[in-house]
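Report on the structure given below.
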Amino acid sequence: DTAVSQTPKYLVTQMGNDKSIKCEQNLGHDTMYWYKQDSKKFLKIMFSYNNKELIINETVPNRFSPKSPDKAHLNLHINSLELGDSAVYFCASSQGWSSNPYEQYFGPGTRLTVT
Amino acid sequence: GNSVTQMEGPVTLSEEAFLTINCTYTATGYPSLFWYVQYPGEGLQLLLKATKADDKGSNKGFEATYRKETTSFHLEKGSVQVSDSAVYFCALLGSNYKLTFGKGTLLTVNP
């Protein structure tokens with residue numbers, strides 16, 4: 001009964017490849033997020049969707065493309081992977097996204113290693 | 001823009017010691033403040049939060065008070081346990097609806 005799940009947990013791939021990370025939440029939340037955690041543990045938001053609509057799109061390379069087929073799923077596709085993309089990617093969800101401080105629930109993370 | 005500054009650590013303590021992890025923030029308006037904890041190999045979990053000035057958030061023996069005058073939200077625990085070993089993140093939710101994190105503080109508690 002995992003609340004926010006991500007697949008795969010580990011992903012090792014070569015430069016130039018295209019890969020996807022999937023995220024699913026069973027909390028009935030309206031809002032989902034992708035975060036990147038670098039090797040120094042610094043966390044930064046990348047994207048957020050509310051009811052399948054993109055609401056936050058930080059300055060990330062356009063090789064990164066989020067897709068939300070429904071409000072329970074938010075996938076991250078990465079084209080032409082580069083060494084600098086190596087990081088842990090976290091998916092999160094929350095009940096809403098307004099100024100109310102809705103708690104964000106995080107998935108276990110996907111460790112991406114680009115060689 | 002919004003920013004969060006927290007002591008980077010690492011912090012190493014003996015069991016039952018007193019813990020303080022400092023956190024200060026810069027934000028426009030009236031942000032909500034959070035502490036998240038990341039245990040080894042896991043995602044982040046909300047530890048506590050405060051939504052307005054002078055609010056005190058508390059959970060599992062941890063406390064933090066929202067101090068608007070000093071723009072701070074320091075995390076404290078009176079007696080740490082080995083099981084508290086983790087990375088702790090201070091964060092704020094600003095008027096842009098984005099959660100901004102500090103760089104995290106690694107806490108190691110030795111028996």
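By convention here, the chains of the structure tokens are called A, B, ... in the order presented, each chain's residues are numbered starting at 1, and ligands are numbered starting at 1 in the order presented.
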Given only C-alpha atoms, how would the per-residue table for chain B near chain A read, listing every residue at most 12 Å away with its closest atom pair and distance in Å to one decimal, sorted by chain and number, as CSV?
```
residue,atom,partner,partner_atom,distance
B:Ser3,CA,A:Lys44,CA,11.4
B:Val4,CA,A:Phe42,CA,11.4
B:Thr5,CA,A:Phe42,CA,11.7
B:Gln6,CA,A:Phe42,CA,11.7
B:Glu8,CA,A:Lys40,CA,10.4
B:Gly9,CA,A:Lys40,CA,11.9
B:Pro10,CA,A:Lys40,CA,12.0
B:Gly29,CA,A:Ser99,CA,11.2
B:Tyr30,CA,A:Ser99,CA,9.9
B:Pro31,CA,A:Ser99,CA,8.6
B:Ser32,CA,A:Pro101,CA,6.4
B:Leu33,CA,A:Pro101,CA,8.7
B:Phe34,CA,A:Glu103,CA,9.3
B:Trp35,CA,A:Glu103,CA,11.1
B:Tyr36,CA,A:Gln104,CA,9.9
B:Val37,CA,A:Phe106,CA,10.9
B:Gln38,CA,A:Pro108,CA,9.8
B:Tyr39,CA,A:Pro108,CA,10.3
B:Pro40,CA,A:Pro108,CA,10.4
B:Gly41,CA,A:Pro108,CA,7.5
B:Glu42,CA,A:Pro108,CA,5.0
B:Gly43,CA,A:Pro108,CA,4.2
B:Leu44,CA,A:Phe106,CA,5.6
B:Gln45,CA,A:Phe106,CA,6.8
B:Leu46,CA,A:Glu103,CA,7.2
B:Leu47,CA,A:Glu103,CA,10.3
B:Leu48,CA,A:Glu103,CA,9.8
B:Lys49,CA,A:Pro101,CA,8.8
B:Ala50,CA,A:Pro101,CA,9.0
B:Thr51,CA,A:Pro101,CA,7.2
B:Lys52,CA,A:Pro101,CA,10.7
B:Ala86,CA,A:Lys41,CA,11.9
B:Val87,CA,A:Lys41,CA,8.7
B:Tyr88,CA,A:Lys41,CA,10.4
B:Phe89,CA,A:Leu43,CA,9.2
B:Cys90,CA,A:Leu43,CA,10.9
B:Ala91,CA,A:Leu43,CA,10.1
B:Leu92,CA,A:Pro101,CA,9.5
B:Leu93,CA,A:Pro101,CA,7.0
B:Gly94,CA,A:Ser99,CA,7.5
B:Ser95,CA,A:Ser99,CA,6.5
B:Asn96,CA,A:Ser99,CA,8.2
B:Tyr97,CA,A:Ser99,CA,6.0
B:Lys98,CA,A:Ile45,CA,7.6
B:Leu99,CA,A:Ile45,CA,7.4
B:Thr100,CA,A:Lys44,CA,7.2
B:Phe101,CA,A:Leu43,CA,6.3
B:Gly102,CA,A:Phe42,CA,7.3
B:Lys103,CA,A:Phe42,CA,4.9
B:Gly104,CA,A:Lys41,CA,6.7
B:Thr105,CA,A:Lys41,CA,9.2
B:Leu106,CA,A:Lys41,CA,9.6
```
Enumerate, as a PDB file with N, CA and C atoms, in the first residue's frame, the complete set of residues in chain B that a backbone-based DSSP assignment places in strand (DSSP E).
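Final output, selection_21.pdb:
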```pdb
ATOM      1  N   SER B   3      15.056  31.730  -0.330  1.00  0.00           N
ATOM      2  CA  SER B   3      16.212  30.884  -0.048  1.00  0.00           C
ATOM      3  C   SER B   3      16.184  30.420   1.401  1.00  0.00           C
ATOM      4  N   VAL B   4      16.849  29.301   1.632  1.00  0.00           N
ATOM      5  CA  VAL B   4      16.952  28.708   2.966  1.00  0.00           C
ATOM      6  C   VAL B   4      18.415  28.394   3.229  1.00  0.00           C
ATOM      7  N   THR B   5      18.893  28.817   4.372  1.00  0.00           N
ATOM      8  CA  THR B   5      20.272  28.543   4.757  1.00  0.00           C
ATOM      9  C   THR B   5      20.268  27.726   6.049  1.00  0.00           C
ATOM     10  N   GLN B   6      20.882  26.575   6.015  1.00  0.00           N
ATOM     11  CA  GLN B   6      20.972  25.765   7.225  1.00  0.00           C
ATOM     12  C   GLN B   6      22.398  25.307   7.412  1.00  0.00           C
ATOM     13  N   VAL B  11      26.907  16.779  11.556  1.00  0.00           N
ATOM     14  CA  VAL B  11      26.794  16.895  12.999  1.00  0.00           C
ATOM     15  C   VAL B  11      26.872  15.491  13.579  1.00  0.00           C
ATOM     16  N   THR B  12      27.791  15.311  14.524  1.00  0.00           N
ATOM     17  CA  THR B  12      27.948  14.011  15.178  1.00  0.00           C
ATOM     18  C   THR B  12      27.724  14.192  16.670  1.00  0.00           C
ATOM     19  N   LEU B  13      26.796  13.425  17.228  1.00  0.00           N
ATOM     20  CA  LEU B  13      26.455  13.533  18.643  1.00  0.00           C
ATOM     21  C   LEU B  13      26.432  12.155  19.287  1.00  0.00           C
ATOM     22  N   SER B  14      26.543  12.165  20.581  1.00  0.00           N
ATOM     23  CA  SER B  14      26.352  10.928  21.343  1.00  0.00           C
ATOM     24  C   SER B  14      24.880  10.812  21.714  1.00  0.00           C
ATOM     25  N   LEU B  19      20.256  18.431  20.559  1.00  0.00           N
ATOM     26  CA  LEU B  19      20.475  18.738  19.152  1.00  0.00           C
ATOM     27  C   LEU B  19      19.901  20.103  18.799  1.00  0.00           C
ATOM     28  N   THR B  20      20.680  20.900  18.077  1.00  0.00           N
ATOM     29  CA  THR B  20      20.174  22.095  17.415  1.00  0.00           C
ATOM     30  C   THR B  20      20.709  22.114  16.003  1.00  0.00           C
ATOM     31  N   ILE B  21      19.828  22.290  15.055  1.00  0.00           N
ATOM     32  CA  ILE B  21      20.225  22.525  13.668  1.00  0.00           C
ATOM     33  C   ILE B  21      19.630  23.869  13.273  1.00  0.00           C
ATOM     34  N   CYS B  23      18.482  27.067  11.073  1.00  0.00           N
ATOM     35  CA  CYS B  23      17.885  27.326   9.767  1.00  0.00           C
ATOM     36  C   CYS B  23      17.404  28.767   9.735  1.00  0.00           C
ATOM     37  N   THR B  24      17.825  29.507   8.728  1.00  0.00           N
ATOM     38  CA  THR B  24      17.304  30.851   8.492  1.00  0.00           C
ATOM     39  C   THR B  24      16.802  30.926   7.061  1.00  0.00           C
ATOM     40  N   TYR B  25      15.916  31.861   6.809  1.00  0.00           N
ATOM     41  CA  TYR B  25      15.302  31.924   5.486  1.00  0.00           C
ATOM     42  C   TYR B  25      15.205  33.363   4.997  1.00  0.00           C
ATOM     43  N   THR B  26      15.051  33.481   3.691  1.00  0.00           N
ATOM     44  CA  THR B  26      14.750  34.754   3.040  1.00  0.00           C
ATOM     45  C   THR B  26      13.551  34.515   2.145  1.00  0.00           C
ATOM     46  N   SER B  32       5.284  29.407   4.724  1.00  0.00           N
ATOM     47  CA  SER B  32       5.169  28.313   5.677  1.00  0.00           C
ATOM     48  C   SER B  32       6.528  27.630   5.752  1.00  0.00           C
ATOM     49  N   LEU B  33       6.859  27.098   6.912  1.00  0.00           N
ATOM     50  CA  LEU B  33       8.184  26.523   7.136  1.00  0.00           C
ATOM     51  C   LEU B  33       8.071  25.057   7.536  1.00  0.00           C
ATOM     52  N   PHE B  34       9.047  24.275   7.103  1.00  0.00           N
ATOM     53  CA  PHE B  34       8.998  22.829   7.296  1.00  0.00           C
ATOM     54  C   PHE B  34      10.386  22.298   7.662  1.00  0.00           C
ATOM     55  N   TRP B  35      10.381  21.179   8.363  1.00  0.00           N
ATOM     56  CA  TRP B  35      11.559  20.336   8.468  1.00  0.00           C
ATOM     57  C   TRP B  35      11.187  18.965   7.917  1.00  0.00           C
ATOM     58  N   TYR B  36      12.006  18.506   6.966  1.00  0.00           N
ATOM     59  CA  TYR B  36      11.877  17.170   6.415  1.00  0.00           C
ATOM     60  C   TYR B  36      13.073  16.345   6.865  1.00  0.00           C
ATOM     61  N   VAL B  37      12.876  15.025   6.962  1.00  0.00           N
ATOM     62  CA  VAL B  37      13.952  14.120   7.332  1.00  0.00           C
ATOM     63  C   VAL B  37      14.087  13.033   6.263  1.00  0.00           C
ATOM     64  N   GLN B  38      15.314  12.708   5.936  1.00  0.00           N
ATOM     65  CA  GLN B  38      15.593  11.658   4.945  1.00  0.00           C
ATOM     66  C   GLN B  38      16.469  10.600   5.599  1.00  0.00           C
ATOM     67  N   LEU B  44      12.019  11.617   1.363  1.00  0.00           N
ATOM     68  CA  LEU B  44      11.857  12.575   2.454  1.00  0.00           C
ATOM     69  C   LEU B  44      10.519  12.367   3.158  1.00  0.00           C
ATOM     70  N   GLN B  45      10.536  12.615   4.467  1.00  0.00           N
ATOM     71  CA  GLN B  45       9.298  12.570   5.244  1.00  0.00           C
ATOM     72  C   GLN B  45       9.157  13.897   5.965  1.00  0.00           C
ATOM     73  N   LEU B  46       7.935  14.402   6.022  1.00  0.00           N
ATOM     74  CA  LEU B  46       7.715  15.622   6.779  1.00  0.00           C
ATOM     75  C   LEU B  46       7.891  15.333   8.258  1.00  0.00           C
ATOM     76  N   LEU B  47       8.709  16.116   8.929  1.00  0.00           N
ATOM     77  CA  LEU B  47       8.942  15.957  10.356  1.00  0.00           C
ATOM     78  C   LEU B  47       8.026  16.892  11.148  1.00  0.00           C
ATOM     79  N   LEU B  48       8.011  18.166  10.752  1.00  0.00           N
ATOM     80  CA  LEU B  48       7.130  19.123  11.420  1.00  0.00           C
ATOM     81  C   LEU B  48       6.988  20.360  10.547  1.00  0.00           C
ATOM     82  N   LYS B  49       5.991  21.181  10.879  1.00  0.00           N
ATOM     83  CA  LYS B  49       5.770  22.390  10.093  1.00  0.00           C
ATOM     84  C   LYS B  49       5.210  23.498  10.971  1.00  0.00           C
ATOM     85  N   ALA B  50       5.298  24.723  10.477  1.00  0.00           N
ATOM     86  CA  ALA B  50       4.694  25.883  11.129  1.00  0.00           C
ATOM     87  C   ALA B  50       4.241  26.831  10.030  1.00  0.00           C
ATOM     88  N   LYS B  56       4.735  26.883  16.856  1.00  0.00           N
ATOM     89  CA  LYS B  56       5.742  25.869  17.158  1.00  0.00           C
ATOM     90  C   LYS B  56       5.286  24.556  16.552  1.00  0.00           C
ATOM     91  N   GLY B  57       6.127  23.989  15.716  1.00  0.00           N
ATOM     92  CA  GLY B  57       5.861  22.654  15.188  1.00  0.00           C
ATOM     93  C   GLY B  57       6.588  21.647  16.049  1.00  0.00           C
ATOM     94  N   SER B  58       5.974  20.471  16.250  1.00  0.00           N
ATOM     95  CA  SER B  58       6.623  19.448  17.062  1.00  0.00           C
ATOM     96  C   SER B  58       6.201  18.067  16.597  1.00  0.00           C
ATOM     97  N   ASN B  59       7.128  17.117  16.728  1.00  0.00           N
ATOM     98  CA  ASN B  59       6.848  15.741  16.333  1.00  0.00           C
ATOM     99  C   ASN B  59       8.016  14.875  16.781  1.00  0.00           C
ATOM    100  N   PHE B  62      11.032  16.323  18.420  1.00  0.00           N
ATOM    101  CA  PHE B  62      11.653  17.464  17.742  1.00  0.00           C
ATOM    102  C   PHE B  62      10.718  18.671  17.821  1.00  0.00           C
ATOM    103  N   GLU B  63      11.330  19.860  17.889  1.00  0.00           N
ATOM    104  CA  GLU B  63      10.538  21.088  17.910  1.00  0.00           C
ATOM    105  C   GLU B  63      11.231  22.156  17.074  1.00  0.00           C
ATOM    106  N   ALA B  64      10.429  23.077  16.545  1.00  0.00           N
ATOM    107  CA  ALA B  64      10.977  24.251  15.877  1.00  0.00           C
ATOM    108  C   ALA B  64       9.941  25.361  15.969  1.00  0.00           C
ATOM    109  N   THR B  65      10.400  26.577  16.223  1.00  0.00           N
ATOM    110  CA  THR B  65       9.501  27.721  16.363  1.00  0.00           C
ATOM    111  C   THR B  65       9.751  28.712  15.245  1.00  0.00           C
ATOM    112  N   LEU B  75      15.785  23.748  14.419  1.00  0.00           N
ATOM    113  CA  LEU B  75      15.287  22.436  14.864  1.00  0.00           C
ATOM    114  C   LEU B  75      16.009  22.031  16.145  1.00  0.00           C
ATOM    115  N   GLU B  76      15.256  21.555  17.128  1.00  0.00           N
ATOM    116  CA  GLU B  76      15.849  21.140  18.394  1.00  0.00           C
ATOM    117  C   GLU B  76      15.251  19.820  18.849  1.00  0.00           C
ATOM    118  N   LYS B  77      16.082  19.050  19.562  1.00  0.00           N
ATOM    119  CA  LYS B  77      15.600  17.861  20.253  1.00  0.00           C
ATOM    120  C   LYS B  77      16.424  17.705  21.524  1.00  0.00           C
ATOM    121  N   ALA B  86      20.149  10.732  10.310  1.00  0.00           N
ATOM    122  CA  ALA B  86      19.488  10.985   9.026  1.00  0.00           C
ATOM    123  C   ALA B  86      19.981  12.331   8.495  1.00  0.00           C
ATOM    124  N   VAL B  87      19.473  12.704   7.325  1.00  0.00           N
ATOM    125  CA  VAL B  87      19.706  14.049   6.795  1.00  0.00           C
ATOM    126  C   VAL B  87      18.448  14.871   7.038  1.00  0.00           C
ATOM    127  N   TYR B  88      18.614  16.058   7.574  1.00  0.00           N
ATOM    128  CA  TYR B  88      17.493  16.929   7.906  1.00  0.00           C
ATOM    129  C   TYR B  88      17.502  18.143   6.983  1.00  0.00           C
ATOM    130  N   PHE B  89      16.333  18.430   6.417  1.00  0.00           N
ATOM    131  CA  PHE B  89      16.195  19.535   5.477  1.00  0.00           C
ATOM    132  C   PHE B  89      15.200  20.553   6.024  1.00  0.00           C
ATOM    133  N   CYS B  90      15.623  21.802   6.037  1.00  0.00           N
ATOM    134  CA  CYS B  90      14.717  22.902   6.316  1.00  0.00           C
ATOM    135  C   CYS B  90      14.152  23.380   4.976  1.00  0.00           C
ATOM    136  N   ALA B  91      12.889  23.765   4.952  1.00  0.00           N
ATOM    137  CA  ALA B  91      12.281  24.168   3.685  1.00  0.00           C
ATOM    138  C   ALA B  91      11.211  25.213   3.936  1.00  0.00           C
ATOM    139  N   LEU B  92      10.947  26.008   2.903  1.00  0.00           N
ATOM    140  CA  LEU B  92       9.859  26.968   2.990  1.00  0.00           C
ATOM    141  C   LEU B  92       8.968  26.872   1.774  1.00  0.00           C
ATOM    142  N   LEU B  93       7.703  27.147   1.988  1.00  0.00           N
ATOM    143  CA  LEU B  93       6.725  27.218   0.900  1.00  0.00           C
ATOM    144  C   LEU B  93       6.307  28.671   0.790  1.00  0.00           C
ATOM    145  N   LEU B  99       8.301  24.658  -3.059  1.00  0.00           N
ATOM    146  CA  LEU B  99       9.008  24.280  -1.839  1.00  0.00           C
ATOM    147  C   LEU B  99      10.497  24.481  -2.104  1.00  0.00           C
ATOM    148  N   THR B 100      11.119  25.378  -1.310  1.00  0.00           N
ATOM    149  CA  THR B 100      12.547  25.654  -1.443  1.00  0.00           C
ATOM    150  C   THR B 100      13.264  25.014  -0.267  1.00  0.00           C
ATOM    151  N   PHE B 101      14.270  24.202  -0.564  1.00  0.00           N
ATOM    152  CA  PHE B 101      14.986  23.455   0.466  1.00  0.00           C
ATOM    153  C   PHE B 101      16.328  24.086   0.795  1.00  0.00           C
ATOM    154  N   THR B 105      21.369  18.772   6.423  1.00  0.00           N
ATOM    155  CA  THR B 105      22.356  18.574   7.481  1.00  0.00           C
ATOM    156  C   THR B 105      22.369  17.108   7.855  1.00  0.00           C
ATOM    157  N   LEU B 106      23.528  16.474   7.692  1.00  0.00           N
ATOM    158  CA  LEU B 106      23.672  15.067   8.052  1.00  0.00           C
ATOM    159  C   LEU B 106      23.913  14.960   9.549  1.00  0.00           C
ATOM    160  N   LEU B 107      23.047  14.232  10.230  1.00  0.00           N
ATOM    161  CA  LEU B 107      23.183  13.976  11.663  1.00  0.00           C
ATOM    162  C   LEU B 107      23.544  12.520  11.875  1.00  0.00           C
ATOM    163  N   THR B 108      24.609  12.293  12.620  1.00  0.00           N
ATOM    164  CA  THR B 108      24.983  10.940  13.026  1.00  0.00           C
ATOM    165  C   THR B 108      24.976  10.890  14.543  1.00  0.00           C
ATOM    166  N   VAL B 109      24.237   9.933  15.088  1.00  0.00           N
ATOM    167  CA  VAL B 109      24.171   9.765  16.539  1.00  0.00           C
ATOM    168  C   VAL B 109      24.840   8.452  16.892  1.00  0.00           C
ATOM    169  N   ASN B 110      25.853   8.533  17.721  1.00  0.00           N
ATOM    170  CA  ASN B 110      26.598   7.346  18.142  1.00  0.00           C
ATOM    171  C   ASN B 110      26.102   6.821  19.479  1.00  0.00           C
TER     172      ASN B 110
END
```
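Taking only C-alpha atoms into account, Ser72 in chain B lies nearest to B:Asn22 out of the set B:Ala17, B:Asn22, B:Asp84, B:Met7.
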Please report the interatomic distance between CA of Asp85 in chain A and CA of Ser85 in chain B in Å with one decimal.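 If I compute the distance from CA of Asp85 in chain A to CA of Ser85 in chain B, I get 28.0 Å.
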Please list as a ChimeraX atom specification every residue within 12 Å of Pro69 in chain A, counting only C-alpha atoms and excluding residues in the same chain fewer than 2 positions away. /A:22-24,32,49-54,66-67,71-76
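Here CA of Gln25 in chain A and CA of Lys9 in chain A stand 15.4 Å from one another.
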Calculated over only C-alpha atoms, which of the candidates A:Asn26, A:Thr31, A:Gln14, A:Ser20 has the smallest distance to Ser93 in chain A?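 For Ser93 in chain A, the nearest of the candidates is A:Thr31.
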Please provide as a VMD selection string all residues within 10 Å of Arg63 in chain A, with the sequence filter that same-chain residues fewer than 6 positions apart are discarded (counting only C-alpha atoms). chain A and resid 18 77 to 82
Dump all heavy atoms for the selected residues as a PDB file, in the first residue's frame?
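What ended up in selection35.pdb:
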```
ATOM      1  N   ASP A  18      18.050   7.522 -24.120  1.00  0.00           N
ATOM      2  CA  ASP A  18      16.798   8.102 -23.651  1.00  0.00           C
ATOM      3  C   ASP A  18      16.200   7.154 -22.620  1.00  0.00           C
ATOM      4  O   ASP A  18      16.152   5.942 -22.840  1.00  0.00           O
ATOM      5  CB  ASP A  18      15.798   8.255 -24.806  1.00  0.00           C
ATOM      6  CG  ASP A  18      16.326   9.096 -25.950  1.00  0.00           C
ATOM      7  OD1 ASP A  18      17.265   9.883 -25.730  1.00  0.00           O
ATOM      8  OD2 ASP A  18      15.792   8.962 -27.074  1.00  0.00           O
ATOM      9  N   HIS A  77      10.559  11.802 -18.690  1.00  0.00           N
ATOM     10  CA  HIS A  77      11.340  11.255 -19.797  1.00  0.00           C
ATOM     11  C   HIS A  77      12.554  12.149 -20.019  1.00  0.00           C
ATOM     12  O   HIS A  77      12.433  13.382 -20.015  1.00  0.00           O
ATOM     13  CB  HIS A  77      10.490  11.200 -21.078  1.00  0.00           C
ATOM     14  CG  HIS A  77      11.160  10.475 -22.182  1.00  0.00           C
ATOM     15  ND1 HIS A  77      11.276   9.099 -22.205  1.00  0.00           N
ATOM     16  CD2 HIS A  77      11.794  10.937 -23.283  1.00  0.00           C
ATOM     17  CE1 HIS A  77      11.949   8.736 -23.290  1.00  0.00           C
ATOM     18  NE2 HIS A  77      12.257   9.822 -23.958  1.00  0.00           N
ATOM     19  N   ILE A  78      13.697  11.508 -20.195  1.00  0.00           N
ATOM     20  CA  ILE A  78      14.929  12.265 -20.388  1.00  0.00           C
ATOM     21  C   ILE A  78      15.582  11.803 -21.690  1.00  0.00           C
ATOM     22  O   ILE A  78      15.874  10.610 -21.860  1.00  0.00           O
ATOM     23  CB  ILE A  78      15.928  12.063 -19.225  1.00  0.00           C
ATOM     24  CG1 ILE A  78      15.210  12.152 -17.873  1.00  0.00           C
ATOM     25  CG2 ILE A  78      17.043  13.101 -19.303  1.00  0.00           C
ATOM     26  CD1 ILE A  78      16.060  11.722 -16.696  1.00  0.00           C
ATOM     27  N   ASN A  79      15.782  12.747 -22.599  1.00  0.00           N
ATOM     28  CA  ASN A  79      16.440  12.447 -23.873  1.00  0.00           C
ATOM     29  C   ASN A  79      17.933  12.746 -23.798  1.00  0.00           C
ATOM     30  O   ASN A  79      18.371  13.610 -23.023  1.00  0.00           O
ATOM     31  CB  ASN A  79      15.841  13.316 -24.996  1.00  0.00           C
ATOM     32  CG  ASN A  79      14.435  12.889 -25.348  1.00  0.00           C
ATOM     33  OD1 ASN A  79      14.084  11.714 -25.289  1.00  0.00           O
ATOM     34  ND2 ASN A  79      13.606  13.847 -25.710  1.00  0.00           N
ATOM     35  N   SER A  80      18.678  12.047 -24.609  1.00  0.00           N
ATOM     36  CA  SER A  80      20.116  12.351 -24.792  1.00  0.00           C
ATOM     37  C   SER A  80      20.817  12.570 -23.456  1.00  0.00           C
ATOM     38  O   SER A  80      21.373  13.646 -23.195  1.00  0.00           O
ATOM     39  CB  SER A  80      20.276  13.601 -25.676  1.00  0.00           C
ATOM     40  OG  SER A  80      19.639  13.418 -26.899  1.00  0.00           O
ATOM     41  N   LEU A  81      20.790  11.555 -22.629  1.00  0.00           N
ATOM     42  CA  LEU A  81      21.323  11.679 -21.272  1.00  0.00           C
ATOM     43  C   LEU A  81      22.769  12.122 -21.257  1.00  0.00           C
ATOM     44  O   LEU A  81      23.585  11.737 -22.109  1.00  0.00           O
ATOM     45  CB  LEU A  81      21.168  10.343 -20.546  1.00  0.00           C
ATOM     46  CG  LEU A  81      19.767  10.155 -19.948  1.00  0.00           C
ATOM     47  CD1 LEU A  81      19.429   8.692 -19.804  1.00  0.00           C
ATOM     48  CD2 LEU A  81      19.677  10.881 -18.624  1.00  0.00           C
ATOM     49  N   GLU A  82      23.089  12.974 -20.266  1.00  0.00           N
ATOM     50  CA  GLU A  82      24.444  13.499 -20.088  1.00  0.00           C
ATOM     51  C   GLU A  82      24.953  13.095 -18.699  1.00  0.00           C
ATOM     52  O   GLU A  82      24.167  12.781 -17.798  1.00  0.00           O
ATOM     53  CB  GLU A  82      24.430  15.031 -20.213  1.00  0.00           C
ATOM     54  CG  GLU A  82      23.939  15.519 -21.560  1.00  0.00           C
ATOM     55  CD  GLU A  82      23.878  17.042 -21.631  1.00  0.00           C
ATOM     56  OE1 GLU A  82      24.178  17.709 -20.616  1.00  0.00           O
ATOM     57  OE2 GLU A  82      23.532  17.550 -22.719  1.00  0.00           O
TER      58      GLU A  82
END
```
Considering only C-alpha atoms, can you say which of A:His29, A:Asn57, A:Ala87, A:Ile21 comes closest to Thr7 in chain A?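 So, comparing all the options, the nearest one is A:Ile21.
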